[in-house]
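Enquirer: Just model.pdb, nothing more (PDB, C-alpha atoms and all ligand atoms):
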ATOM      1  CA  MET A   1       0.000   0.000   0.000  1.00  0.00           C
ATOM      2  CA  THR A   2       1.123   3.531  -0.797  1.00  0.00           C
ATOM      3  CA  ARG A   3       0.122   6.554   1.209  1.00  0.00           C
ATOM      4  CA  LEU A   4      -1.179   9.644  -0.530  1.00  0.00           C
ATOM      5  CA  LEU A   5      -1.651  13.027   1.074  1.00  0.00           C
ATOM      6  CA  LEU A   6      -4.660  14.804  -0.462  1.00  0.00           C
ATOM      7  CA  GLN A   7      -4.918  18.552   0.047  1.00  0.00           C
ATOM      8  CA  PHE A   8      -8.198  20.341  -0.674  1.00  0.00           C
ATOM      9  CA  SER A   9      -8.754  24.080  -1.088  1.00  0.00           C
ATOM     10  CA  LYS A  10     -11.536  26.057   0.563  1.00  0.00           C
ATOM     11  CA  GLN A  11     -13.687  25.668  -2.560  1.00  0.00           C
ATOM     12  CA  GLN A  12     -12.988  21.955  -2.953  1.00  0.00           C
ATOM     13  CA  ILE A  13     -13.984  20.884   0.578  1.00  0.00           C
ATOM     14  CA  THR A  14     -17.647  21.554  -0.207  1.00  0.00           C
ATOM     15  CA  PHE A  15     -17.713  18.876  -2.930  1.00  0.00           C
ATOM     16  CA  PRO A  16     -17.675  15.072  -2.413  1.00  0.00           C
ATOM     17  CA  ILE A  17     -14.507  14.719  -4.481  1.00  0.00           C
ATOM     18  CA  THR A  18     -13.113  11.694  -2.639  1.00  0.00           C
ATOM     19  CA  SER A  19     -16.374   9.808  -3.118  1.00  0.00           C
ATOM     20  CA  GLN A  20     -16.410  10.740  -6.812  1.00  0.00           C
ATOM     21  CA  VAL A  21     -12.879   9.390  -7.297  1.00  0.00           C
ATOM     22  CA  ILE A  22     -13.676   6.134  -5.469  1.00  0.00           C
ATOM     23  CA  LEU A  23     -16.795   5.556  -7.592  1.00  0.00           C
ATOM     24  CA  GLU A  24     -15.152   6.626 -10.851  1.00  0.00           C
ATOM     25  CA  GLN A  25     -12.011   4.523 -10.385  1.00  0.00           C
ATOM     26  CA  GLY A  26     -13.613   1.580  -8.559  1.00  0.00           C
ATOM     27  CA  VAL A  27     -10.730   1.586  -6.079  1.00  0.00           C
ATOM     28  CA  LEU A  28     -11.269   1.586  -2.324  1.00  0.00           C
ATOM     29  CA  LEU A  29      -9.208   4.129  -0.394  1.00  0.00           C
ATOM     30  CA  ASN A  30      -8.324   3.496   3.224  1.00  0.00           C
ATOM     31  CA  ILE A  31      -8.571   6.809   5.093  1.00  0.00           C
ATOM     32  CA  LEU A  32      -5.914   6.975   7.833  1.00  0.00           C
ATOM     33  CA  ARG A  33      -6.344  10.590   8.880  1.00  0.00           C
ATOM     34  CA  ALA A  34      -8.664  13.436   7.928  1.00  0.00           C
ATOM     35  CA  HIS A  35      -8.553  17.059   8.959  1.00  0.00           C
ATOM     36  CA  VAL A  36     -11.060  19.574   7.640  1.00  0.00           C
ATOM     37  CA  GLU A  37     -11.218  23.263   8.525  1.00  0.00           C
ATOM     38  CA  PRO A  38     -13.414  25.973   6.988  1.00  0.00           C
ATOM     39  CA  THR A  39     -10.543  27.006   4.706  1.00  0.00           C
ATOM     40  CA  PHE A  40      -8.832  23.736   3.754  1.00  0.00           C
ATOM     41  CA  GLY A  41      -8.914  19.972   4.047  1.00  0.00           C
ATOM     42  CA  GLU A  42      -6.259  17.281   4.268  1.00  0.00           C
ATOM     43  CA  ILE A  43      -6.721  13.523   4.051  1.00  0.00           C
ATOM     44  CA  LEU A  44      -4.100  10.800   4.304  1.00  0.00           C
ATOM     45  CA  VAL A  45      -5.175   7.674   2.421  1.00  0.00           C
ATOM     46  CA  GLU A  46      -3.698   4.292   1.610  1.00  0.00           C
ATOM     47  CA  VAL A  47      -3.932   3.138  -1.998  1.00  0.00           C
ATOM     48  CA  PRO A  48      -2.930  -0.235  -3.487  1.00  0.00           C
ATOM     49  CA  GLN A  49       0.402   0.297  -5.249  1.00  0.00           C
ATOM     50  CA  GLU A  50      -0.921  -0.665  -8.678  1.00  0.00           C
ATOM     51  CA  TYR A  51      -3.592   2.067  -8.591  1.00  0.00           C
ATOM     52  CA  VAL A  52      -1.477   4.981  -7.351  1.00  0.00           C
ATOM     53  CA  ASN A  53      -1.022   6.714 -10.709  1.00  0.00           C
ATOM     54  CA  ARG A  54      -4.706   6.397 -11.572  1.00  0.00           C
ATOM     55  CA  ILE A  55      -5.813   7.790  -8.226  1.00  0.00           C
ATOM     56  CA  VAL A  56      -3.289  10.639  -8.291  1.00  0.00           C
ATOM     57  CA  ASN A  57      -4.439  11.614 -11.799  1.00  0.00           C
ATOM     58  CA  ALA A  58      -8.112  11.424 -10.807  1.00  0.00           C
ATOM     59  CA  PHE A  59      -7.581  13.835  -7.914  1.00  0.00           C
ATOM     60  CA  GLN A  60      -5.270  16.125  -9.843  1.00  0.00           C
ATOM     61  CA  LYS A  61      -7.709  16.549 -12.724  1.00  0.00           C
ATOM     62  CA  ARG A  62     -10.159  17.865 -10.116  1.00  0.00           C
ATOM     63  CA  GLY A  63      -7.539  20.325  -8.874  1.00  0.00           C
ATOM     64  CA  VAL A  64      -6.719  18.449  -5.650  1.00  0.00           C
ATOM     65  CA  LYS A  65      -3.053  18.267  -4.714  1.00  0.00           C
ATOM     66  CA  ALA A  66      -2.129  14.576  -4.355  1.00  0.00           C
ATOM     67  CA  THR A  67       1.382  13.624  -3.277  1.00  0.00           C
ATOM     68  CA  VAL A  68       2.963  10.363  -2.188  1.00  0.00           C
ATOM     69  CA  GLN A  69       3.580  10.572   1.561  1.00  0.00           C
ATOM     70  CA  ARG A  70       7.012   9.518   2.697  1.00  0.00           C
ATOM     71  CA  ARG A  71       7.526   7.576   5.924  1.00  0.00           C
ATOM     72  CA  LEU A  72       8.720   9.115   9.156  1.00  0.00           C
ATOM     73  CA  GLU A  73      12.466   8.830   9.656  1.00  0.00           C
ATOM     74  CA  VAL A  74      14.529   9.142  12.807  1.00  0.00           C
ATOM     75  CA  ASP A  75      18.104  10.383  12.926  1.00  0.00           C
ATOM     76  CA  ASN A  76      19.551   8.239  15.709  1.00  0.00           C
ATOM     77  CA  ASN A  77      22.591  10.507  15.922  1.00  0.00           C
ATOM     78  CA  ARG A  78      20.330  13.342  17.056  1.00  0.00           C
ATOM     79  CA  CYS A  79      17.928  11.413  19.299  1.00  0.00           C
ATOM     80  CA  ILE A  80      18.572  11.884  23.035  1.00  0.00           C
ATOM     81  CA  SER A  81      15.855   9.403  24.127  1.00  0.00           C
ATOM     82  CA  CYS A  82      13.882  12.129  25.914  1.00  0.00           C
ATOM     83  CA  GLY A  83      10.526  10.417  25.328  1.00  0.00           C
ATOM     84  CA  ALA A  84       8.647  13.490  24.090  1.00  0.00           C
ATOM     85  CA  CYS A  85       7.622  11.743  20.878  1.00  0.00           C
ATOM     86  CA  TYR A  86       6.625   8.573  22.732  1.00  0.00           C
ATOM     87  CA  SER A  87       4.265  10.377  25.082  1.00  0.00           C
ATOM     88  CA  LEU A  88       2.547  12.394  22.330  1.00  0.00           C
ATOM     89  CA  CYS A  89       1.964   9.775  19.653  1.00  0.00           C
ATOM     90  CA  PRO A  90      -1.838   9.298  19.453  1.00  0.00           C
ATOM     91  CA  ILE A  91      -1.640   5.746  18.170  1.00  0.00           C
ATOM     92  CA  SER A  92       1.363   4.460  20.131  1.00  0.00           C
ATOM     93  CA  VAL A  93       3.600   3.514  17.232  1.00  0.00           C
ATOM     94  CA  ILE A  94       6.725   4.592  19.136  1.00  0.00           C
ATOM     95  CA  SER A  95       8.390   2.403  21.755  1.00  0.00           C
ATOM     96  CA  PHE A  96      11.737   2.117  23.475  1.00  0.00           C
ATOM     97  CA  GLU A  97      14.325  -0.626  23.377  1.00  0.00           C
ATOM     98  CA  GLU A  98      16.074  -1.694  26.566  1.00  0.00           C
ATOM     99  CA  ASP A  99      18.936   0.684  25.743  1.00  0.00           C
ATOM    100  CA  TYR A 100      16.348   3.522  25.407  1.00  0.00           C
ATOM    101  CA  SER A 101      16.776   3.858  21.663  1.00  0.00           C
ATOM    102  CA  ILE A 102      13.420   4.537  20.021  1.00  0.00           C
ATOM    103  CA  VAL A 103      11.614   2.224  17.634  1.00  0.00           C
ATOM    104  CA  PHE A 104       8.952   3.344  15.138  1.00  0.00           C
ATOM    105  CA  GLU A 105       6.414   0.978  13.706  1.00  0.00           C
ATOM    106  CA  GLY A 106       6.439   3.001  10.515  1.00  0.00           C
ATOM    107  CA  GLU A 107       3.672   1.133   8.737  1.00  0.00           C
ATOM    108  CA  LYS A 108       1.166   2.248  11.406  1.00  0.00           C
ATOM    109  CA  CYS A 109       2.211   5.923  11.531  1.00  0.00           C
ATOM    110  CA  ILE A 110      -0.488   8.313  10.303  1.00  0.00           C
ATOM    111  CA  ALA A 111       2.004  11.150   9.771  1.00  0.00           C
ATOM    112  CA  CYS A 112       0.193  13.552  12.095  1.00  0.00           C
ATOM    113  CA  GLY A 113       3.455  15.389  12.784  1.00  0.00           C
ATOM    114  CA  LEU A 114       2.984  15.724  16.560  1.00  0.00           C
ATOM    115  CA  CYS A 115       6.230  13.950  17.352  1.00  0.00           C
ATOM    116  CA  ILE A 116       8.150  16.012  14.791  1.00  0.00           C
ATOM    117  CA  ASP A 117       7.009  19.273  16.353  1.00  0.00           C
ATOM    118  CA  ALA A 118       7.774  18.011  19.865  1.00  0.00           C
ATOM    119  CA  CYS A 119      11.255  16.678  19.255  1.00  0.00           C
ATOM    120  CA  PRO A 120      13.765  19.032  20.908  1.00  0.00           C
ATOM    121  CA  THR A 121      16.652  17.931  18.703  1.00  0.00           C
ATOM    122  CA  GLN A 122      14.901  17.828  15.310  1.00  0.00           C
ATOM    123  CA  ALA A 123      15.678  14.125  15.058  1.00  0.00           C
ATOM    124  CA  LEU A 124      12.419  13.320  13.245  1.00  0.00           C
ATOM    125  CA  HIS A 125      11.320  14.193   9.755  1.00  0.00           C
ATOM    126  CA  ILE A 126       9.074  13.039   6.939  1.00  0.00           C
TER     127      ILE A 126
HETATM  128  S1  LIG A 201       3.807  11.324  13.065  1.00  0.00           S
HETATM  129 FE1  LIG A 201       2.097  11.093  14.551  1.00  0.00          FE
HETATM  130  S2  LIG A 201       1.425   8.962  14.312  1.00  0.00           S
HETATM  131 FE2  LIG A 201       3.455   9.085  13.364  1.00  0.00          FE
HETATM  132  S3  LIG A 201       4.880   8.477  14.989  1.00  0.00           S
HETATM  133 FE3  LIG A 201       4.697  10.750  15.043  1.00  0.00          FE
HETATM  134  S4  LIG A 201       3.097  11.183  16.570  1.00  0.00           S
HETATM  135 FE4  LIG A 201       2.916   8.987  15.990  1.00  0.00          FE
HETATM  136  S1  LIG A 202      11.420  13.456  20.857  1.00  0.00           S
HETATM  137 FE1  LIG A 202      13.248  13.372  19.509  1.00  0.00          FE
HETATM  138  S2  LIG A 202      14.980  13.244  20.944  1.00  0.00           S
HETATM  139 FE2  LIG A 202      13.138  12.741  22.112  1.00  0.00          FE
HETATM  140  S3  LIG A 202      13.011  10.461  22.014  1.00  0.00           S
HETATM  141 FE3  LIG A 202      11.769  11.278  20.321  1.00  0.00          FE
HETATM  142  S4  LIG A 202      13.160  11.338  18.539  1.00  0.00           S
HETATM  143 FE4  LIG A 202      14.447  11.139  20.386  1.00  0.00          FE
END
What would the structure in this file look like if it were written as structure tokens?
Ligand code: SF4
Ligand code: SF4

Expert:
Amino acid sequence: MTRLLLQFSKQQITFPITSQVILEQGVLLNILRAHVEPTFGEILVEVPQEYVNRIVNAFQKRGVKATVQRRLEVDNNRCISCGACYSLCPISVISFEEDYSIVFEGEKCIACGLCIDACPTQALHI
């Protein structure tokens, strides 16, 4: 599965664009995270690898920005094992080894960015 970040403008959030794409393409999208405000919308979806280009094109022709979402990475040279990321992660994908090095279960991460903002040493990035 590939993760796509879909970004909707103020005008686009009033239309059922995601539903249109699902029906038009006949491909089910797994929604991992959705955030909608009066002025913009952002959805993180999982798409089967073989349909990524089709889905990206279907959103882009409707003016929606669709980009492949990269996985969270940790720079172990910067990490000081403070635990800030661990305590904030809403879905508990971060854990510690016995030596206090951190472990990410990257396939579960919903790329919310909370840990990135909290890290005091900028050891995390997407
Ligand atoms: S980006 Fe969000 S979900 Fe992913 S590890 Fe960080 S806090 Fe957890
Ligand atoms: S917040 Fe940053 S420094 Fe602290 S444990 Fe997480 S990755 Fe390491």

Enquirer: Could you give me the centre and size, in Å to one decimal, of an axis-aligned box around all listed atoms of ligand LIG 201 (chain A) with 3 Å added on every side, as AutoDock Vina command-line options?

Expert:
--center_x 3.2 --center_y 9.9 --center_z 14.8 --size_x 9.5 --size_y 8.8 --size_z 9.5

Enquirer: Rank nothing, just name the residue among A:Pro16, A:Pro48, A:Gly26, A:Gly113 nearest to ligand LIG 201 (chain A), using all atoms listed in the file.

Expert: A:Gly113

Enquirer: Using all atoms listed in the file, pick whichever of A:Glu50, A:Asp75, A:Asp117, A:Glu98 has the shortest atom-to-atom distance to A:Val27.

Expert: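 Of the candidates, the smallest distance to A:Val27 is held by A:Glu50.
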
Enquirer: May I ask you to write as number ranges by chain all residues lying at most 8 Å from ligand LIG 201 (chain A), with all atoms listed in the file counted?

Expert: A: 72, 85-86, 88-94, 104-106, 108-116

Enquirer: Output C-alpha atoms for every residue in the selection just made, as a PDB file, keeping the file's coordinate frame.

Expert:
ATOM      1  CA  LEU A  72       8.720   9.115   9.156  1.00  0.00           C
ATOM      2  CA  CYS A  85       7.622  11.743  20.878  1.00  0.00           C
ATOM      3  CA  TYR A  86       6.625   8.573  22.732  1.00  0.00           C
ATOM      4  CA  LEU A  88       2.547  12.394  22.330  1.00  0.00           C
ATOM      5  CA  CYS A  89       1.964   9.775  19.653  1.00  0.00           C
ATOM      6  CA  PRO A  90      -1.838   9.298  19.453  1.00  0.00           C
ATOM      7  CA  ILE A  91      -1.640   5.746  18.170  1.00  0.00           C
ATOM      8  CA  SER A  92       1.363   4.460  20.131  1.00  0.00           C
ATOM      9  CA  VAL A  93       3.600   3.514  17.232  1.00  0.00           C
ATOM     10  CA  ILE A  94       6.725   4.592  19.136  1.00  0.00           C
ATOM     11  CA  PHE A 104       8.952   3.344  15.138  1.00  0.00           C
ATOM     12  CA  GLU A 105       6.414   0.978  13.706  1.00  0.00           C
ATOM     13  CA  GLY A 106       6.439   3.001  10.515  1.00  0.00           C
ATOM     14  CA  LYS A 108       1.166   2.248  11.406  1.00  0.00           C
ATOM     15  CA  CYS A 109       2.211   5.923  11.531  1.00  0.00           C
ATOM     16  CA  ILE A 110      -0.488   8.313  10.303  1.00  0.00           C
ATOM     17  CA  ALA A 111       2.004  11.150   9.771  1.00  0.00           C
ATOM     18  CA  CYS A 112       0.193  13.552  12.095  1.00  0.00           C
ATOM     19  CA  GLY A 113       3.455  15.389  12.784  1.00  0.00           C
ATOM     20  CA  LEU A 114       2.984  15.724  16.560  1.00  0.00           C
ATOM     21  CA  CYS A 115       6.230  13.950  17.352  1.00  0.00           C
ATOM     22  CA  ILE A 116       8.150  16.012  14.791  1.00  0.00           C
TER      23      ILE A 116
END

Enquirer: How far is it from atom CA of A:Glu42 to atom CA of A:Pro120, in Å with one decimal?

Expert: 26.1 Å

Enquirer: Which residues sit within 9 Å of ligand LIG 202 (chain A), counting only C-alpha atoms and all ligand atoms, listed as a PyMOL selection string?

Expert: chain A and resi 74-76+78-87+94+96+100-102+115-124

Enquirer: From the set A:Arg62, A:His35, A:Arg70, A:Arg54, which residue has the shortest atom-to-atom contact distance to A:Arg3, counting only C-alpha atoms?

Expert: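 Among A:Arg62, A:His35, A:Arg70, A:Arg54, it is A:Arg70 that comes nearest to A:Arg3.
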